[in-house]
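File shown here: protein-v8.cif, holding mmCIF, C-alpha atoms and all ligand atoms.
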data_target
loop_
_atom_site.label_atom_id
_atom_site.label_comp_id
_atom_site.auth_asym_id
_atom_site.auth_seq_id
_atom_site.Cartn_x
_atom_site.Cartn_y
_atom_site.Cartn_z
CA MET A 1 126.36 94.20 101.73
CA ALA A 2 124.59 95.78 98.77
CA LYS A 3 122.14 98.49 99.67
CA LEU A 4 118.48 98.18 98.75
CA ILE A 5 116.68 100.92 96.86
CA ILE A 6 112.88 100.91 96.97
CA ALA A 7 110.81 103.18 94.74
CA ASN A 8 107.54 104.19 96.37
CA TRP A 9 105.40 105.45 93.50
CA LYS A 10 102.39 106.05 95.77
CA MET A 11 99.27 106.88 93.69
CA ASN A 12 101.46 107.80 90.68
CA PRO A 13 102.01 107.58 87.77
CA GLU A 14 98.61 107.96 86.13
CA THR A 15 98.95 105.52 83.27
CA LEU A 16 100.21 102.00 82.77
CA PHE A 17 102.31 103.22 79.83
CA ARG A 18 104.21 105.62 82.04
CA ALA A 19 104.56 102.98 84.77
CA ILE A 20 106.14 100.52 82.34
CA GLN A 21 108.46 103.22 80.98
CA LEU A 22 109.58 104.13 84.47
CA ALA A 23 110.07 100.54 85.55
CA LYS A 24 111.93 99.61 82.35
CA ALA A 25 114.49 102.28 82.98
CA GLU A 26 115.83 100.47 86.01
CA ASP A 27 118.37 97.78 86.53
CA PHE A 28 116.67 95.47 88.96
CA GLU A 29 119.54 94.18 91.03
CA ASN A 30 118.53 95.26 94.55
CA VAL A 31 115.86 97.65 93.31
CA VAL A 32 112.24 97.19 94.32
CA ILE A 33 109.32 98.99 92.72
CA ALA A 34 106.30 99.66 94.92
CA ALA A 35 103.76 100.37 92.21
CA PRO A 36 100.01 100.95 92.51
CA PHE A 37 98.11 97.63 92.70
CA VAL A 38 96.60 97.97 89.25
CA PHE A 39 100.01 98.15 87.55
CA LEU A 40 101.70 95.31 89.41
CA LYS A 41 100.54 92.45 87.22
CA ASN A 42 101.54 94.17 84.01
CA ILE A 43 104.92 95.19 85.32
CA SER A 44 105.62 91.70 86.60
CA ASN A 45 104.66 90.23 83.21
CA THR A 46 106.73 92.75 81.28
CA LEU A 47 109.80 92.77 83.50
CA LYS A 48 110.38 89.28 84.71
CA LYS A 49 113.33 90.21 86.91
CA ALA A 50 111.74 93.15 88.68
CA ALA A 51 111.23 92.82 92.42
CA LEU A 52 107.86 94.33 93.15
CA ALA A 53 106.16 95.64 96.24
CA ALA A 54 102.55 96.36 97.06
CA GLN A 55 101.95 99.59 98.96
CA ASP A 56 99.43 98.00 101.30
CA VAL A 57 97.47 94.79 101.90
CA ALA A 58 94.27 93.70 103.62
CA TRP A 59 94.41 92.50 107.21
CA ALA A 60 92.15 89.56 106.37
CA VAL A 61 93.06 86.57 104.25
CA LYS A 62 89.87 86.42 102.18
CA GLY A 63 86.19 87.16 102.24
CA ALA A 64 83.67 89.97 102.14
CA TYR A 65 86.02 92.96 102.32
CA THR A 66 84.98 95.16 99.40
CA GLY A 67 87.87 96.99 97.82
CA GLU A 68 90.61 95.11 99.64
CA ILE A 69 93.46 93.00 98.23
CA SER A 70 94.74 89.92 100.01
CA VAL A 71 98.19 88.61 100.60
CA GLY A 72 97.34 85.46 98.62
CA GLN A 73 96.39 87.56 95.62
CA LEU A 74 99.72 89.38 95.85
CA LYS A 75 101.59 86.08 96.02
CA GLN A 76 99.86 84.90 92.86
CA MET A 77 101.30 87.95 91.08
CA ASN A 78 104.85 87.22 92.30
CA ILE A 79 104.91 90.23 94.58
CA GLN A 80 107.74 89.82 97.07
CA TYR A 81 107.39 92.85 99.31
CA VAL A 82 104.57 94.77 101.01
CA ILE A 83 104.88 98.25 102.51
CA ILE A 84 103.00 98.39 105.80
CA GLY A 85 102.13 101.34 108.01
CA HIS A 86 103.32 104.13 105.74
CA SER A 87 102.65 107.43 107.49
CA GLU A 88 100.25 108.43 104.70
CA ARG A 89 98.13 105.40 105.50
CA ARG A 90 98.35 106.08 109.22
CA TYR A 91 97.32 109.70 108.66
CA TRP A 92 94.83 109.74 105.77
CA PHE A 93 93.27 106.33 106.28
CA LYS A 94 93.46 106.29 110.06
CA GLU A 95 95.38 103.03 110.17
CA THR A 96 95.92 102.13 113.78
CA GLU A 97 98.73 100.13 115.28
CA THR A 98 96.29 97.26 115.80
CA VAL A 99 95.54 97.19 112.07
CA ILE A 100 99.23 97.47 111.18
CA ASN A 101 100.02 94.64 113.57
CA ARG A 102 97.42 92.40 111.89
CA LYS A 103 98.77 93.23 108.45
CA LEU A 104 102.32 92.44 109.53
CA LYS A 105 101.26 89.08 110.90
CA ILE A 106 99.49 88.20 107.68
CA VAL A 107 102.37 89.28 105.46
CA LEU A 108 105.12 87.63 107.48
CA GLY A 109 102.98 84.54 108.02
CA ALA A 110 102.61 84.23 104.24
CA GLY A 111 106.37 84.40 103.76
CA LEU A 112 106.38 87.79 102.03
CA LYS A 113 108.77 90.55 102.98
CA ALA A 114 107.23 93.34 105.05
CA ILE A 115 108.60 96.89 104.89
CA LEU A 116 107.31 98.42 108.10
CA CYS A 117 107.43 102.24 108.09
CA VAL A 118 107.96 104.10 111.34
CA GLY A 119 108.86 107.66 112.22
CA GLU A 120 108.08 110.62 114.40
CA ASP A 121 106.52 113.98 113.61
CA TRP A 122 108.28 117.29 114.05
CA SER A 123 106.75 118.11 117.44
CA MET A 124 108.51 115.00 118.73
CA ARG A 125 111.76 115.38 116.85
CA LYS A 126 112.29 118.95 117.91
CA LYS A 127 112.62 117.61 121.46
CA GLY A 128 115.71 115.73 120.32
CA LEU A 129 116.88 112.31 119.15
CA VAL A 130 116.14 110.53 122.41
CA ALA A 131 112.51 111.68 122.32
CA ALA A 132 112.27 110.45 118.72
CA GLU A 133 113.80 107.10 119.69
CA ASN A 134 111.34 106.65 122.52
CA PHE A 135 108.46 107.39 120.18
CA ILE A 136 109.75 104.89 117.60
CA LYS A 137 110.29 102.26 120.29
CA LYS A 138 106.63 102.52 121.31
CA GLN A 139 105.53 102.40 117.67
CA LEU A 140 107.63 99.30 116.99
CA ALA A 141 106.47 97.56 120.14
CA ALA A 142 102.80 98.10 119.19
CA ASP A 143 103.22 97.29 115.50
CA LEU A 144 105.17 94.11 116.25
CA LYS A 145 103.10 92.98 119.24
CA SER A 146 103.24 89.18 119.66
CA ILE A 147 104.61 88.80 116.17
CA SER A 148 106.96 85.97 117.07
CA VAL A 149 104.12 83.97 118.56
CA PHE A 150 101.99 84.43 115.49
CA THR A 151 104.72 83.47 113.06
CA ASN A 152 105.32 80.40 115.18
CA GLN A 153 108.67 81.70 116.39
CA SER A 154 109.96 80.96 112.93
CA ALA A 155 113.14 83.01 112.63
CA ALA A 156 113.03 82.56 108.87
CA LYS A 157 109.72 84.37 108.67
CA ILE A 158 110.63 87.19 111.02
CA LYS A 159 113.77 87.65 108.96
CA ASN A 160 111.50 88.90 106.20
CA LEU A 161 110.93 92.05 108.20
CA LEU A 162 112.51 95.31 107.02
CA ILE A 163 112.07 98.66 108.71
CA ALA A 164 111.90 101.98 106.89
CA TYR A 165 112.70 104.89 109.14
CA GLU A 166 110.73 107.76 107.67
CA PRO A 167 110.47 110.88 109.82
CA ILE A 168 107.04 112.29 108.95
CA TRP A 169 108.34 115.84 108.69
CA ALA A 170 110.78 114.75 105.99
CA ILE A 171 108.28 113.00 103.71
CA GLY A 172 107.53 114.97 100.56
CA THR A 173 108.72 118.21 102.14
CA GLY A 174 112.14 118.60 100.55
CA ARG A 175 113.55 118.67 104.09
CA HIS A 176 115.53 115.46 104.57
CA ASP A 177 116.94 114.29 107.88
CA ASN A 178 120.54 114.82 108.79
CA PRO A 179 122.13 111.53 107.58
CA ARG A 180 124.12 111.05 110.78
CA ASN A 181 121.02 111.48 112.92
CA ALA A 182 119.12 109.06 110.70
CA ALA A 183 122.00 106.61 111.11
CA VAL A 184 121.80 106.93 114.90
CA ILE A 185 118.08 106.16 114.80
CA ALA A 186 118.64 103.24 112.39
CA GLU A 187 121.13 101.77 114.84
CA PHE A 188 118.68 102.28 117.69
CA ILE A 189 115.99 100.41 115.71
CA LYS A 190 118.38 97.51 115.04
CA LYS A 191 119.31 97.23 118.71
CA PHE A 192 115.70 97.40 119.84
CA ILE A 193 114.53 94.73 117.39
CA HIS A 194 117.49 92.56 118.26
CA SER A 195 116.70 92.79 121.96
CA LYS A 196 113.10 91.79 121.27
CA PHE A 197 113.37 89.19 118.53
CA LYS A 198 117.07 88.31 118.31
CA ILE A 199 117.05 89.13 114.61
CA GLN A 200 120.54 89.60 113.20
CA ASN A 201 121.17 91.71 110.10
CA LEU A 202 117.85 93.52 110.14
CA LYS A 203 117.72 95.90 107.18
CA VAL A 204 116.80 99.46 108.13
CA LEU A 205 116.17 101.91 105.30
CA TYR A 206 115.84 105.67 105.38
CA GLY A 207 113.05 107.54 103.58
CA GLY A 208 112.02 111.18 103.40
CA SER A 209 112.97 113.66 100.65
CA VAL A 210 115.76 111.49 99.28
CA ASN A 211 117.16 112.77 95.99
CA SER A 212 120.31 112.32 93.95
CA ARG A 213 122.06 115.12 95.85
CA ASN A 214 121.58 113.64 99.31
CA ALA A 215 121.25 109.88 98.63
CA GLY A 216 125.01 109.29 98.80
CA LEU A 217 125.18 110.84 102.28
CA PHE A 218 122.61 108.36 103.58
CA LEU A 219 124.07 105.41 101.72
CA GLU A 220 127.53 105.94 103.19
CA GLN A 221 126.11 105.45 106.72
CA LYS A 222 126.92 101.94 107.91
CA THR A 223 123.67 101.44 109.79
CA ILE A 224 121.47 102.51 106.86
CA ASP A 225 120.91 99.57 104.52
CA GLY A 226 119.02 101.34 101.77
CA LEU A 227 116.50 103.99 100.81
CA LEU A 228 112.77 104.31 100.33
CA VAL A 229 112.39 106.93 97.64
CA GLY A 230 109.11 108.66 96.84
CA GLY A 231 109.07 111.75 94.61
CA ALA A 232 112.55 111.24 93.17
CA SER A 233 111.68 107.70 92.02
CA LEU A 234 109.21 109.17 89.52
CA LYS A 235 111.95 111.02 87.67
CA THR A 236 113.87 108.47 85.65
CA ALA A 237 117.19 110.33 85.45
CA GLU A 238 117.05 111.19 89.12
CA PHE A 239 116.23 107.64 90.19
CA LYS A 240 118.97 106.21 87.97
CA LYS A 241 121.49 108.47 89.67
CA ILE A 242 120.34 107.26 93.10
CA ILE A 243 120.72 103.64 92.01
CA LYS A 244 124.20 104.40 90.70
CA LEU A 245 125.15 106.02 93.99
CA ALA A 246 124.12 102.84 95.77
CA GLY A 247 126.71 101.06 93.64
CA LEU A 248 124.15 98.64 92.34
P1 LIG B 301 109.50 111.26 99.46
O1 LIG B 301 108.58 110.07 99.99
O2 LIG B 301 110.80 110.65 98.96
O3 LIG B 301 108.73 111.90 98.35
O4 LIG B 301 109.73 112.18 100.62
C1 LIG B 301 109.13 109.00 100.69
C2 LIG B 301 108.04 108.07 101.15
O5 LIG B 301 106.95 108.54 101.48
O6 LIG B 301 108.24 106.85 101.19
#

Since I need it in another form, could you write the structure as structure tokens?
Ligand code: PGA
Amino acid sequence: MAKLIIANWKMNPETLFRAIQLAKAEDFENVVIAAPFVFLKNISNTLKKAALAAQDVAWAVKGAYTGEISVGQLKQMNIQYVIIGHSERRYWFKETETVINRKLKIVLGAGLKAILCVGEDWSMRKKGLVAAENFIKKQLAADLKSISVFTNQSAAKIKNLLIAYEPIWAIGTGRHDNPRNAAVIAEFIKKFIHSKFKIQNLKVLYGGSVNSRNAGLFLEQKTIDGLLVGGASLKTAEFKKIIKLAGL
């Protein structure tokens, strides 16, 4: 199965011009661009084939929530994916598992694809893979609490769930995970989600200091279905190389 490459631009680039230039450089088969909200409409108008992601969404459907953006508004702009629970949101904006759980329910309930980010910090990982797995299991259980009930047990909707395994210590640090260890954790995530929700073929991506030198090592792991790329997705040549490595 083709691997999925998601560019997480975060709060970059600074201008719409640069955003369009970056997005134009890509071939959109199995590539998703998670651009800042304010650029999404323009990119979707300019590049009809681009699959786009929002980097976050409100936990309410509509109403008096100053500054927030709803899932319905994203749907109107043809956004297909939403990143939920990125560690930067958990850390800087104090997003709790309760909030993440609400967001997931809203996104999956609306039929959009949710990219749920999970991952441990270094104090956990240095205790070993099993400790990291136990941490991730707890995170997944809380983030996905009663999700099947909310989505009306609709397998089709839960199928829109993707997981990005992003060890916190690897994000933006230049210190990527060992690909084999990441593959072990990806497999663990698949087994855990299968035992809970009976989802087959769950896509698990790896993210954290991916670049063109290490992307191939992650992509050749059978249990890793794609990459969530931050910093390297802002460098056109670098991102193109990563896409090429994915054989897209
Ligand atoms: P990075 O970011 O590739 O710059 O480490 C990945 C992410 O935060 O999704």

Please, which residues in chain A fall within 6 Å of ligand LIG 301 (chain B) when counting only C-alpha atoms and all ligand atoms, and what is the closest atom pair and distance in Å to one decimal for each, ordered by chain then residue number, as a Markdown table?
| residue | atom | partner | partner_atom | distance |
| --- | --- | --- | --- | --- |
| A:Asn8 | CA | B:LIG301 | O6 | 5.5 |
| A:Ile171 | CA | B:LIG301 | O4 | 3.5 |
| A:Gly172 | CA | B:LIG301 | O4 | 3.6 |
| A:Gly207 | CA | B:LIG301 | C1 | 5.1 |
| A:Gly208 | CA | B:LIG301 | O4 | 3.7 |
| A:Ser209 | CA | B:LIG301 | O4 | 3.6 |
| A:Val210 | CA | B:LIG301 | O2 | 5.0 |
| A:Leu228 | CA | B:LIG301 | O6 | 5.3 |
| A:Val229 | CA | B:LIG301 | O2 | 4.3 |
| A:Gly230 | CA | B:LIG301 | O2 | 3.4 |
| A:Gly231 | CA | B:LIG301 | O3 | 3.8 |

Stretch 84-93 of chain A environment, 8 Å, all atoms listed in the file, sequence neighbours closer than 3 positions dropped, as a list of chain:residue names: A:Gln55, A:Asp56, A:Val57, A:Thr96, A:Ile100, A:Lys103, A:Leu104, A:Ala114, A:Ile115, A:Leu116, A:Cys117, A:Val118, A:Gly119, A:Ile168

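Candidate residues A:Lys94, A:Arg213, A:Lys41, A:Lys105 were compared for distance to A:Gln76, and the nearest is A:Lys41, using all atoms listed in the file.
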
Exercise: A:Arg180 partners within 10 Å, all atoms listed in the file, chain neighbours under 3 positions left out, as a VMD selection string: chain A and resid 177 183 to 186 217 to 218 220 to 224

Would you mind reading off the distance between atom CA of A:Lys244 and atom CA of A:Ala7, one decimal, in Å?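 Between atom CA of A:Lys244 and atom CA of A:Ala7 the gap is 14.0 Å.
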
For a quick check of understanding, using only C-alpha atoms, which of A:Lys191, A:Glu120, A:Leu108, A:Ala170 has the smallest distance to A:Lys138?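 Among the listed residues, the smallest separation from A:Lys138 belongs to A:Glu120.
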